[in-house]
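K.L.:
Provided below: coords38.csv, containing CSV, C-alpha atoms and all ligand atoms.
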chain,number,residue,atom,x,y,z
A,1,MET,CA,-22.8,10.4,-12.0
A,2,THR,CA,-20.1,11.5,-9.6
A,3,THR,CA,-20.8,8.6,-7.2
A,4,GLU,CA,-20.8,6.2,-10.1
A,5,LEU,CA,-17.4,7.4,-11.3
A,6,PHE,CA,-15.9,6.7,-8.0
A,7,SER,CA,-17.9,3.6,-7.1
A,8,LEU,CA,-16.1,0.4,-6.3
A,9,GLN,CA,-19.3,-1.7,-6.2
A,10,GLY,CA,-18.7,-5.2,-7.4
A,11,ARG,CA,-14.9,-4.9,-7.3
A,12,ASN,CA,-12.7,-7.2,-5.4
A,13,VAL,CA,-9.7,-5.4,-4.0
A,14,LEU,CA,-6.7,-7.1,-2.3
A,15,ILE,CA,-4.7,-5.0,0.2
A,16,THR,CA,-1.5,-6.4,1.4
A,17,GLY,CA,-0.5,-5.6,5.0
A,18,SER,CA,-4.0,-4.6,6.0
A,19,SER,CA,-4.2,-5.9,9.6
A,20,ARG,CA,-3.4,-2.4,10.9
A,21,GLY,CA,-2.1,1.1,10.1
A,22,LEU,CA,-2.5,2.5,6.6
A,23,GLY,CA,-3.5,-0.8,5.1
A,24,LEU,CA,-6.4,-1.2,7.5
A,25,ALA,CA,-7.6,2.4,6.9
A,26,LEU,CA,-7.4,1.9,3.2
A,27,ALA,CA,-9.4,-1.3,3.5
A,28,ARG,CA,-12.1,0.5,5.5
A,29,GLY,CA,-12.2,3.4,3.0
A,30,LEU,CA,-12.3,1.2,-0.1
A,31,ALA,CA,-15.1,-0.8,1.5
A,32,GLN,CA,-17.1,2.4,2.1
A,33,ALA,CA,-16.8,3.0,-1.6
A,34,GLY,CA,-18.4,-0.4,-2.2
A,35,ALA,CA,-15.4,-2.7,-2.7
A,36,HIS,CA,-15.3,-6.3,-1.6
A,37,ILE,CA,-12.2,-6.2,0.6
A,38,ILE,CA,-9.6,-9.0,0.7
A,39,LEU,CA,-7.3,-8.5,3.8
A,40,ASN,CA,-3.8,-9.8,4.0
A,41,ALA,CA,-1.0,-10.0,6.6
A,42,THR,CA,1.1,-12.7,8.2
A,43,ASN,CA,-0.6,-12.8,11.6
A,44,THR,CA,-3.6,-15.2,11.1
A,45,SER,CA,-5.4,-14.4,14.4
A,46,LEU,CA,-5.2,-10.6,14.1
A,47,LEU,CA,-6.4,-10.9,10.5
A,48,GLU,CA,-9.3,-13.1,11.5
A,49,GLU,CA,-10.2,-10.5,14.1
A,50,ARG,CA,-10.1,-7.7,11.6
A,51,ARG,CA,-12.2,-9.7,9.1
A,52,GLY,CA,-14.8,-10.3,11.9
A,53,GLU,CA,-15.0,-6.5,12.4
A,54,PHE,CA,-15.8,-5.9,8.8
A,55,VAL,CA,-18.4,-8.7,8.7
A,56,ALA,CA,-20.0,-7.4,11.9
A,57,ALA,CA,-20.3,-4.0,10.3
A,58,GLY,CA,-22.1,-5.7,7.3
A,59,THR,CA,-19.2,-5.2,4.9
A,60,PRO,CA,-18.2,-8.1,2.7
A,61,CYS,CA,-14.7,-9.1,3.5
A,62,ALA,CA,-12.3,-12.0,3.1
A,63,ALA,CA,-8.9,-12.5,4.7
A,64,TYR,CA,-5.9,-14.5,3.5
A,65,ALA,CA,-2.8,-14.8,5.7
A,66,PHE,CA,0.4,-15.1,3.7
A,67,ASP,CA,3.9,-13.7,3.6
A,68,ILE,CA,4.4,-11.7,0.5
A,69,THR,CA,8.1,-12.6,0.4
A,70,ASP,CA,7.2,-16.3,-0.1
A,71,PRO,CA,6.7,-16.9,-3.9
A,72,GLN,CA,4.8,-20.1,-3.5
A,73,ALA,CA,2.5,-18.7,-0.8
A,74,VAL,CA,1.7,-15.7,-3.0
A,75,GLU,CA,0.9,-17.9,-6.0
A,76,GLU,CA,-1.3,-20.2,-3.9
A,77,ALA,CA,-3.1,-17.3,-2.2
A,78,VAL,CA,-3.9,-15.5,-5.4
A,79,GLU,CA,-5.2,-18.7,-6.9
A,80,ALA,CA,-7.3,-19.4,-3.9
A,81,ILE,CA,-8.7,-15.8,-3.8
A,82,GLU,CA,-9.6,-16.0,-7.5
A,83,THR,CA,-11.4,-19.3,-7.0
A,84,GLU,CA,-13.1,-18.6,-3.7
A,85,VAL,CA,-13.8,-14.8,-3.9
A,86,GLY,CA,-13.6,-14.0,-7.6
A,87,PRO,CA,-11.4,-12.0,-9.9
A,88,ILE,CA,-9.1,-9.6,-8.2
A,89,ASN,CA,-10.0,-6.2,-9.8
A,90,GLY,CA,-7.7,-4.1,-7.7
A,91,LEU,CA,-4.4,-4.6,-5.8
A,92,VAL,CA,-3.0,-2.2,-3.2
A,93,ASN,CA,0.6,-3.1,-2.5
A,94,ASN,CA,0.8,-1.6,1.0
A,95,ALA,CA,2.7,-4.0,3.2
A,96,GLY,CA,6.0,-2.6,4.3
A,97,ILE,CA,8.6,-2.6,7.0
A,98,GLN,CA,11.2,-0.2,8.4
A,99,ARG,CA,14.8,-1.0,9.4
A,100,ARG,CA,16.7,2.1,10.7
A,101,GLY,CA,20.4,2.4,10.8
A,102,ALA,CA,23.5,4.1,9.3
A,103,LEU,CA,24.2,3.0,5.8
A,104,GLU,CA,27.7,2.0,6.7
A,105,ASP,CA,26.5,-0.2,9.6
A,106,ILE,CA,23.3,-1.8,8.3
A,107,ALA,CA,23.4,-5.6,8.4
A,108,GLU,CA,23.2,-7.5,5.1
A,109,GLU,CA,20.1,-9.4,6.3
A,110,ASP,CA,18.3,-6.2,7.3
A,111,TRP,CA,19.1,-4.6,3.9
A,112,GLN,CA,17.9,-7.7,2.1
A,113,ARG,CA,14.8,-8.2,4.2
A,114,LEU,CA,13.7,-4.6,3.7
A,115,LEU,CA,14.2,-4.7,-0.1
A,116,ASP,CA,12.4,-8.1,-0.2
A,117,VAL,CA,9.3,-6.8,1.6
A,118,ASN,CA,9.1,-3.2,0.3
A,119,LEU,CA,10.1,-3.7,-3.3
A,120,THR,CA,10.6,-7.2,-4.6
A,121,ALA,CA,7.3,-8.5,-3.0
A,122,ALA,CA,5.4,-5.6,-4.6
A,123,TRP,CA,6.6,-6.8,-8.0
A,124,ARG,CA,5.9,-10.5,-7.0
A,125,VAL,CA,2.3,-9.9,-5.9
A,126,ALA,CA,1.6,-7.5,-8.8
A,127,LYS,CA,2.9,-9.9,-11.5
A,128,THR,CA,0.9,-12.8,-10.1
A,129,VAL,CA,-2.3,-10.8,-10.1
A,130,ALA,CA,-1.4,-8.9,-13.4
A,131,ARG,CA,-1.2,-12.1,-15.4
A,132,ARG,CA,-4.9,-12.6,-14.7
A,133,MET,CA,-5.8,-8.9,-15.1
A,134,ILE,CA,-4.1,-8.9,-18.5
A,135,GLU,CA,-6.3,-11.8,-19.7
A,136,ARG,CA,-9.4,-10.0,-18.4
A,137,ARG,CA,-8.3,-6.5,-19.7
A,138,GLN,CA,-9.1,-4.9,-16.4
A,139,GLY,CA,-7.0,-4.1,-13.4
A,140,LYS,CA,-5.9,-1.4,-11.0
A,141,ILE,CA,-2.6,-1.6,-9.1
A,142,VAL,CA,-1.8,1.0,-6.4
A,143,ASN,CA,1.7,0.9,-4.8
A,144,ILE,CA,2.2,2.6,-1.5
A,145,ALA,CA,5.3,4.7,-2.0
A,146,SER,CA,6.7,7.4,0.3
A,147,LEU,CA,8.3,10.8,0.6
A,148,THR,CA,11.5,8.7,0.3
A,149,SER,CA,10.5,7.9,-3.2
A,150,PHE,CA,12.3,11.1,-4.1
A,151,GLY,CA,14.3,12.1,-1.0
A,152,SER,CA,16.0,10.8,2.1
A,153,ARG,CA,17.3,11.6,5.6
A,154,PRO,CA,20.0,9.9,7.6
A,155,SER,CA,19.2,6.4,9.0
A,156,ILE,CA,16.7,5.3,6.4
A,157,GLY,CA,18.9,4.3,3.5
A,158,PRO,CA,17.5,0.9,2.7
A,159,TYR,CA,13.9,2.2,3.0
A,160,THR,CA,14.8,5.1,0.6
A,161,ALA,CA,16.3,2.7,-1.9
A,162,ALA,CA,13.3,0.5,-1.8
A,163,LYS,CA,10.7,3.2,-2.0
A,164,SER,CA,12.6,5.0,-4.8
A,165,GLY,CA,12.7,1.6,-6.5
A,166,LEU,CA,8.9,1.3,-6.0
A,167,ALA,CA,8.3,4.6,-7.8
A,168,GLY,CA,10.4,3.3,-10.7
A,169,LEU,CA,8.5,-0.1,-10.6
A,170,THR,CA,5.2,1.9,-10.7
A,171,ARG,CA,6.3,3.5,-14.0
A,172,ALA,CA,7.6,0.2,-15.3
A,173,MET,CA,4.2,-1.4,-14.6
A,174,ALA,CA,2.4,1.5,-16.3
A,175,VAL,CA,4.4,1.4,-19.5
A,176,GLU,CA,4.1,-2.4,-19.8
A,177,TRP,CA,0.5,-3.0,-18.6
A,178,ALA,CA,-1.4,0.2,-19.7
A,179,ARG,CA,-2.0,-1.4,-23.1
A,180,HIS,CA,-3.8,-4.2,-21.4
A,181,ALA,CA,-6.3,-1.6,-20.1
A,182,MET,CA,-4.8,-1.7,-16.6
A,183,GLN,CA,-3.9,1.4,-14.6
A,184,CYS,CA,-0.9,1.3,-12.3
A,185,ASN,CA,-0.1,4.2,-10.0
A,186,ALA,CA,1.4,5.0,-6.6
A,187,ILE,CA,0.3,6.9,-3.5
A,188,ALA,CA,3.1,8.5,-1.6
A,189,PRO,CA,2.0,9.3,1.9
A,190,GLY,CA,3.8,12.0,3.9
A,191,TYR,CA,4.2,11.4,7.7
A,192,PHE,CA,1.2,9.5,9.0
A,193,ALA,CA,0.4,8.4,12.6
A,194,THR,CA,0.7,4.6,12.6
A,195,ASP,CA,2.6,1.9,14.6
A,196,MET,CA,5.5,2.3,12.1
A,197,THR,CA,6.0,5.9,13.1
A,198,GLU,CA,5.2,5.6,16.8
A,199,SER,CA,8.8,5.9,17.9
A,200,LEU,CA,9.2,9.0,15.7
A,201,ARG,CA,6.0,10.6,17.2
A,202,ASP,CA,7.3,9.9,20.7
A,203,ASP,CA,10.5,11.8,19.9
A,204,PRO,CA,9.6,15.5,20.7
A,205,GLU,CA,12.3,16.8,18.4
A,206,PHE,CA,11.2,14.7,15.4
A,207,ASP,CA,7.5,15.4,16.1
A,208,ALA,CA,8.2,19.1,16.1
A,209,TRP,CA,10.3,18.8,12.9
A,210,VAL,CA,7.4,17.0,11.1
A,211,LYS,CA,4.9,19.6,12.1
A,212,LEU,CA,7.1,22.4,11.1
A,213,ARG,CA,8.1,20.9,7.8
A,214,THR,CA,4.6,19.8,6.8
A,215,PRO,CA,2.6,22.9,5.6
A,216,ALA,CA,-0.6,21.4,7.1
A,217,GLY,CA,1.3,21.6,10.4
A,218,ARG,CA,0.4,18.1,11.6
A,219,TRP,CA,0.8,14.3,11.0
A,220,GLY,CA,-1.6,12.7,8.5
A,221,LEU,CA,-4.5,10.6,9.7
A,222,PRO,CA,-4.6,7.1,8.1
A,223,GLU,CA,-8.2,7.6,6.8
A,224,GLU,CA,-6.9,10.7,4.9
A,225,LEU,CA,-5.4,8.3,2.3
A,226,THR,CA,-8.9,7.0,1.3
A,227,GLY,CA,-9.7,9.6,-1.3
A,228,ALA,CA,-6.6,9.0,-3.3
A,229,ALA,CA,-7.0,5.2,-3.1
A,230,VAL,CA,-10.7,5.3,-4.2
A,231,PHE,CA,-9.8,7.5,-7.1
A,232,LEU,CA,-6.9,5.2,-8.2
A,233,CYS,CA,-9.1,2.0,-7.8
A,234,SER,CA,-12.1,3.4,-9.6
A,235,GLU,CA,-13.2,4.4,-13.2
A,236,ALA,CA,-12.4,8.0,-12.3
A,237,SER,CA,-8.7,7.2,-13.0
A,238,SER,CA,-9.2,5.3,-16.3
A,239,PHE,CA,-6.5,7.3,-18.1
A,240,VAL,CA,-4.2,7.9,-15.2
A,241,ASN,CA,-1.1,5.8,-15.4
A,242,GLY,CA,2.4,5.7,-13.9
A,243,GLN,CA,1.7,8.6,-11.5
A,244,ILE,CA,3.0,9.1,-8.0
A,245,LEU,CA,0.3,10.9,-6.0
A,246,TYR,CA,1.7,12.6,-3.0
A,247,VAL,CA,-0.7,12.8,0.0
A,248,ASP,CA,1.6,14.7,2.3
A,249,GLY,CA,-0.1,17.9,3.7
A,250,GLY,CA,2.0,19.9,1.2
A,251,TRP,CA,5.5,18.5,2.2
A,252,THR,CA,6.8,18.2,-1.4
A,253,ALA,CA,5.6,21.7,-2.3
A,254,ASN,CA,7.6,23.2,0.6
A,255,LEU,CA,11.1,24.7,0.3
A,301,LIG,N1,3.2,5.6,8.4
A,301,LIG,C1,3.7,6.4,7.5
A,301,LIG,O1,3.9,7.6,7.8
A,301,LIG,C2,4.1,6.0,6.1
A,301,LIG,C3,4.6,7.0,5.2
A,301,LIG,C4,4.9,6.6,3.9
A,301,LIG,C5,4.7,5.3,3.5
A,301,LIG,N2,4.3,4.4,4.4
A,301,LIG,C6,4.1,3.0,3.9
A,301,LIG,O2,2.8,2.6,4.0
A,301,LIG,C7,2.7,1.2,4.2
A,301,LIG,C8,2.0,0.9,5.5
A,301,LIG,O3,2.7,1.5,6.6
A,301,LIG,P1,2.1,1.5,8.1
A,301,LIG,O4,2.6,2.8,8.7
A,301,LIG,O5,0.7,1.3,8.1
A,301,LIG,O6,2.9,0.3,8.7
A,301,LIG,P2,2.5,-0.8,9.8
A,301,LIG,O7,3.8,-1.3,10.3
A,301,LIG,O8,1.6,-0.2,10.8
A,301,LIG,O9,1.7,-1.9,8.9
A,301,LIG,C9,2.4,-2.7,8.0
A,301,LIG,C10,1.5,-3.9,7.6
A,301,LIG,O10,2.3,-4.7,6.7
A,301,LIG,C11,2.2,-6.1,7.1
A,301,LIG,N3,3.4,-6.8,6.7
A,301,LIG,C12,4.7,-6.6,7.0
A,301,LIG,N4,5.4,-7.5,6.4
A,301,LIG,C13,4.6,-8.4,5.7
A,301,LIG,C14,4.8,-9.5,4.9
A,301,LIG,N5,6.0,-10.0,4.7
A,301,LIG,N6,3.7,-10.1,4.3
A,301,LIG,C15,2.5,-9.6,4.5
A,301,LIG,N7,2.2,-8.5,5.3
A,301,LIG,C16,3.3,-7.9,5.9
A,301,LIG,C17,2.1,-6.0,8.7
A,301,LIG,O11,1.6,-7.1,9.2
A,301,LIG,C18,1.1,-4.8,8.8
A,301,LIG,O12,-0.2,-5.2,8.6
A,301,LIG,C19,4.2,0.7,4.2
A,301,LIG,O13,4.5,0.3,2.9
A,301,LIG,C20,4.9,2.0,4.6
A,301,LIG,O14,6.3,1.9,4.1
A,301,LIG,C21,4.0,4.7,5.7
Take the structure in the file and give it back as structure tokens.

P.N.:
Amino acid sequence: MTTELFSLQGRNVLITGSSRGLGLALARGLAQAGAHIILNATNTSLLEERRGEFVAAGTPCAAYAFDITDPQAVEEAVEAIETEVGPINGLVNNAGIQRRGALEDIAEEDWQRLLDVNLTAAWRVAKTVARRMIERRQGKIVNIASLTSFGSRPSIGPYTAAKSGLAGLTRAMAVEWARHAMQCNAIAPGYFATDMTESLRDDPEFDAWVKLRTPAGRWGLPEELTGAAVFLCSEASSFVNGQILYVDGGWTANL
């Protein structure tokens, strides 16, 4: 019963930005729960390498290289996936970038690019997939938010604006699409050890601050996001909608 509730057997799940980091860990974890994984990133050769690893491990997996900021590429890719793989039952909007700098100095193009990738593209991929989910009356959307969905620190203004927007977008998706039997939620990771945070982990002062500020006393491991993702992609969350689930070692509970 418990296994069935959380099973992703027979479900096709598209994970954007899954060539490395949290996206790749999510893909591995969702595959373990039975999902047929559809990988995405912009780097075709790396993506193909990753797909090969899944296939070698006996895990069904497809890979589609496209840039989520390109509307035509998104439309074509979603159409191709639905034709070649099957209906997309779940979407994890994970792809994201960071551009650090003081708010007063950040270049227009850096601001715009960050908002495009981290916020606008999540809406774009979601609406393209959601049109089909609405027709089928089934769909799970999981947006990867952040601690910056509710707070900030100096140097990450555009990222904070985008991730706060993504939390709002998650609620907007839920209130518009829940009546179509879809569930739309977000996972907000605390500080996790990935390429994106490598420079932060290499900075002894920042590393110490994260360990002190996080009640668990350490950085999160990418595979520790799996449980939340399986829950939000499975039947277990059939009446959970518009929630931001913090997976942060207790960060948001800490004064
Ligand atoms: N690492 C953390 O501590 C942390 C914390 C909170 C939230 N997040 C969020 O989790 C997500 C993944 O972060 P990560 O640390 O694994 O980052 P990462 O830089 O290691 O991986 C990002 C992935 O997104 C892909 N990507 C970037 N731009 C793309 C585009 N235009 N089209 C398609 N794919 C694109 C990259 O190729 C890569 O596969 C991001 O949304 C990030 O903001 C990370």

K.L.:
Taking all atoms listed in the file into account, which residues have an atom no farther than 7 Å from ligand LIG 301 (chain A)? I'd like them as number ranges by chain.

P.N.:
A: 16-23, 40-43, 66-69, 94-98, 117-118, 144-147, 188-197

K.L.:
Measure the distance from atom CA of Trp123 of chain A to atom CA of Pro60 of chain A in Å and round it to one decimal.

P.N.:
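That distance, rounded to one decimal, is 27.0 Å.
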
K.L.:
Write out as a list of chain:residue names the residues lying within 9 Å of Gly165 of chain A, counting all atoms listed in the file and excluding same-chain residues fewer than 4 positions away.

P.N.:
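The contact residues come out as A:Leu119, A:Ser149, A:Thr160, A:Ala161, A:Leu169, A:Thr170.
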
K.L.:
How would the residues just chosen look if you wrote them out with C-alpha atoms as a PDB file, in the coordinates of the input?

P.N.:
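In the end it all went to part_0.pdb:
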ATOM      1  CA  LEU A 119      10.100  -3.700  -3.300  1.00  0.00           C
ATOM      2  CA  SER A 149      10.500   7.900  -3.200  1.00  0.00           C
ATOM      3  CA  THR A 160      14.800   5.100   0.600  1.00  0.00           C
ATOM      4  CA  ALA A 161      16.300   2.700  -1.900  1.00  0.00           C
ATOM      5  CA  LEU A 169       8.500  -0.100 -10.600  1.00  0.00           C
ATOM      6  CA  THR A 170       5.200   1.900 -10.700  1.00  0.00           C
TER       7      THR A 170
END

K.L.:
Nearest residue to Glu79 of chain A out of A:Ala65, A:Val129, A:Arg124, A:Phe206, using all atoms listed in the file?

P.N.:
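Answer, going by the shortest atom-to-atom distance: A:Val129.
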
K.L.:
Taking 6 positions as the minimum chain separation for residues in the same chain, which residues sit within 10 Å of Arg99 of chain A when counting all atoms listed in the file? Answer as a PyMOL selection string.

P.N.:
chain A and resi 106-107+110-111+113-114+155-159

K.L.:
How would you write as a ChimeraX atom specification the residues that get within 12 Å of (-12.5, -14.3, -10.5) in the file's frame, counting only C-alpha atoms?

P.N.:
/A:10-13,78-90,129,132-133,135-136,138-139

K.L.:
Please dump the current selection as an mmCIF file, keeping the file's coordinate frame; keep C-alpha atoms.

P.N.:
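part_32.cif was written with the following content:
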data_model
loop_
_atom_site.group_PDB
_atom_site.id
_atom_site.type_symbol
_atom_site.label_atom_id
_atom_site.label_comp_id
_atom_site.auth_asym_id
_atom_site.auth_seq_id
_atom_site.Cartn_x
_atom_site.Cartn_y
_atom_site.Cartn_z
ATOM 1 C CA GLY A 10 -18.700 -5.200 -7.400
ATOM 2 C CA ARG A 11 -14.900 -4.900 -7.300
ATOM 3 C CA ASN A 12 -12.700 -7.200 -5.400
ATOM 4 C CA VAL A 13 -9.700 -5.400 -4.000
ATOM 5 C CA VAL A 78 -3.900 -15.500 -5.400
ATOM 6 C CA GLU A 79 -5.200 -18.700 -6.900
ATOM 7 C CA ALA A 80 -7.300 -19.400 -3.900
ATOM 8 C CA ILE A 81 -8.700 -15.800 -3.800
ATOM 9 C CA GLU A 82 -9.600 -16.000 -7.500
ATOM 10 C CA THR A 83 -11.400 -19.300 -7.000
ATOM 11 C CA GLU A 84 -13.100 -18.600 -3.700
ATOM 12 C CA VAL A 85 -13.800 -14.800 -3.900
ATOM 13 C CA GLY A 86 -13.600 -14.000 -7.600
ATOM 14 C CA PRO A 87 -11.400 -12.000 -9.900
ATOM 15 C CA ILE A 88 -9.100 -9.600 -8.200
ATOM 16 C CA ASN A 89 -10.000 -6.200 -9.800
ATOM 17 C CA GLY A 90 -7.700 -4.100 -7.700
ATOM 18 C CA VAL A 129 -2.300 -10.800 -10.100
ATOM 19 C CA ARG A 132 -4.900 -12.600 -14.700
ATOM 20 C CA MET A 133 -5.800 -8.900 -15.100
ATOM 21 C CA GLU A 135 -6.300 -11.800 -19.700
ATOM 22 C CA ARG A 136 -9.400 -10.000 -18.400
ATOM 23 C CA GLN A 138 -9.100 -4.900 -16.400
ATOM 24 C CA GLY A 139 -7.000 -4.100 -13.400
#

K.L.:
State, in Å with one decimal place, the distance from atom CA of Leu46 of chain A to atom CA of Leu232 of chain A.

P.N.:
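Interatomic distance here is 27.4 Å.
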
K.L.:
Can you work out the spacing between atom CA of Glu176 of chain A and atom CA of Ser237 of chain A in Å, to one decimal?

P.N.:
17.4 Å

K.L.:
I'd like the contact shell of segment 247-253 of chain A - 10 Å cut-off, all atoms listed in the file, skipping same-chain residues fewer than 3 positions apart - returned as a compact mmCIF listing (two decimals) with C-alpha atoms, keeping the file's coordinate frame.

P.N.:
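Produced file result-v9.txt, reproduced below:
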# COMPACT_ATOMS: atom_id res chain seq x y z
CA SER A 146 6.70 7.40 0.30
CA LEU A 147 8.30 10.80 0.60
CA PHE A 150 12.30 11.10 -4.10
CA GLY A 151 14.30 12.10 -1.00
CA ILE A 187 0.30 6.90 -3.50
CA ALA A 188 3.10 8.50 -1.60
CA PRO A 189 2.00 9.30 1.90
CA GLY A 190 3.80 12.00 3.90
CA TYR A 191 4.20 11.40 7.70
CA PHE A 192 1.20 9.50 9.00
CA VAL A 210 7.40 17.00 11.10
CA LYS A 211 4.90 19.60 12.10
CA LEU A 212 7.10 22.40 11.10
CA ARG A 213 8.10 20.90 7.80
CA THR A 214 4.60 19.80 6.80
CA PRO A 215 2.60 22.90 5.60
CA ALA A 216 -0.60 21.40 7.10
CA GLY A 217 1.30 21.60 10.40
CA ARG A 218 0.40 18.10 11.60
CA TRP A 219 0.80 14.30 11.00
CA GLY A 220 -1.60 12.70 8.50
CA GLU A 224 -6.90 10.70 4.90
CA LEU A 225 -5.40 8.30 2.30
CA GLY A 227 -9.70 9.60 -1.30
CA ALA A 228 -6.60 9.00 -3.30
CA ILE A 244 3.00 9.10 -8.00

K.L.:
Select, counting all atoms listed in the file, all protein, DNA and RNA residues no farther than 7 Å from (4.2, 3.2, -14.5) in file coordinates, and express the selection as a PyMOL selection string.

P.N.:
chain A and resi 169-175+184-185+241-243

K.L.:
Rank A:Arg100, A:Arg201, A:Arg153, A:Lys140 by their smallest atom-to-atom distance to Ala229 of chain A, using all atoms listed in the file, and report the top residue only.

P.N.:
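Residue with the minimum atom-to-atom distance to Ala229 of chain A: A:Lys140.
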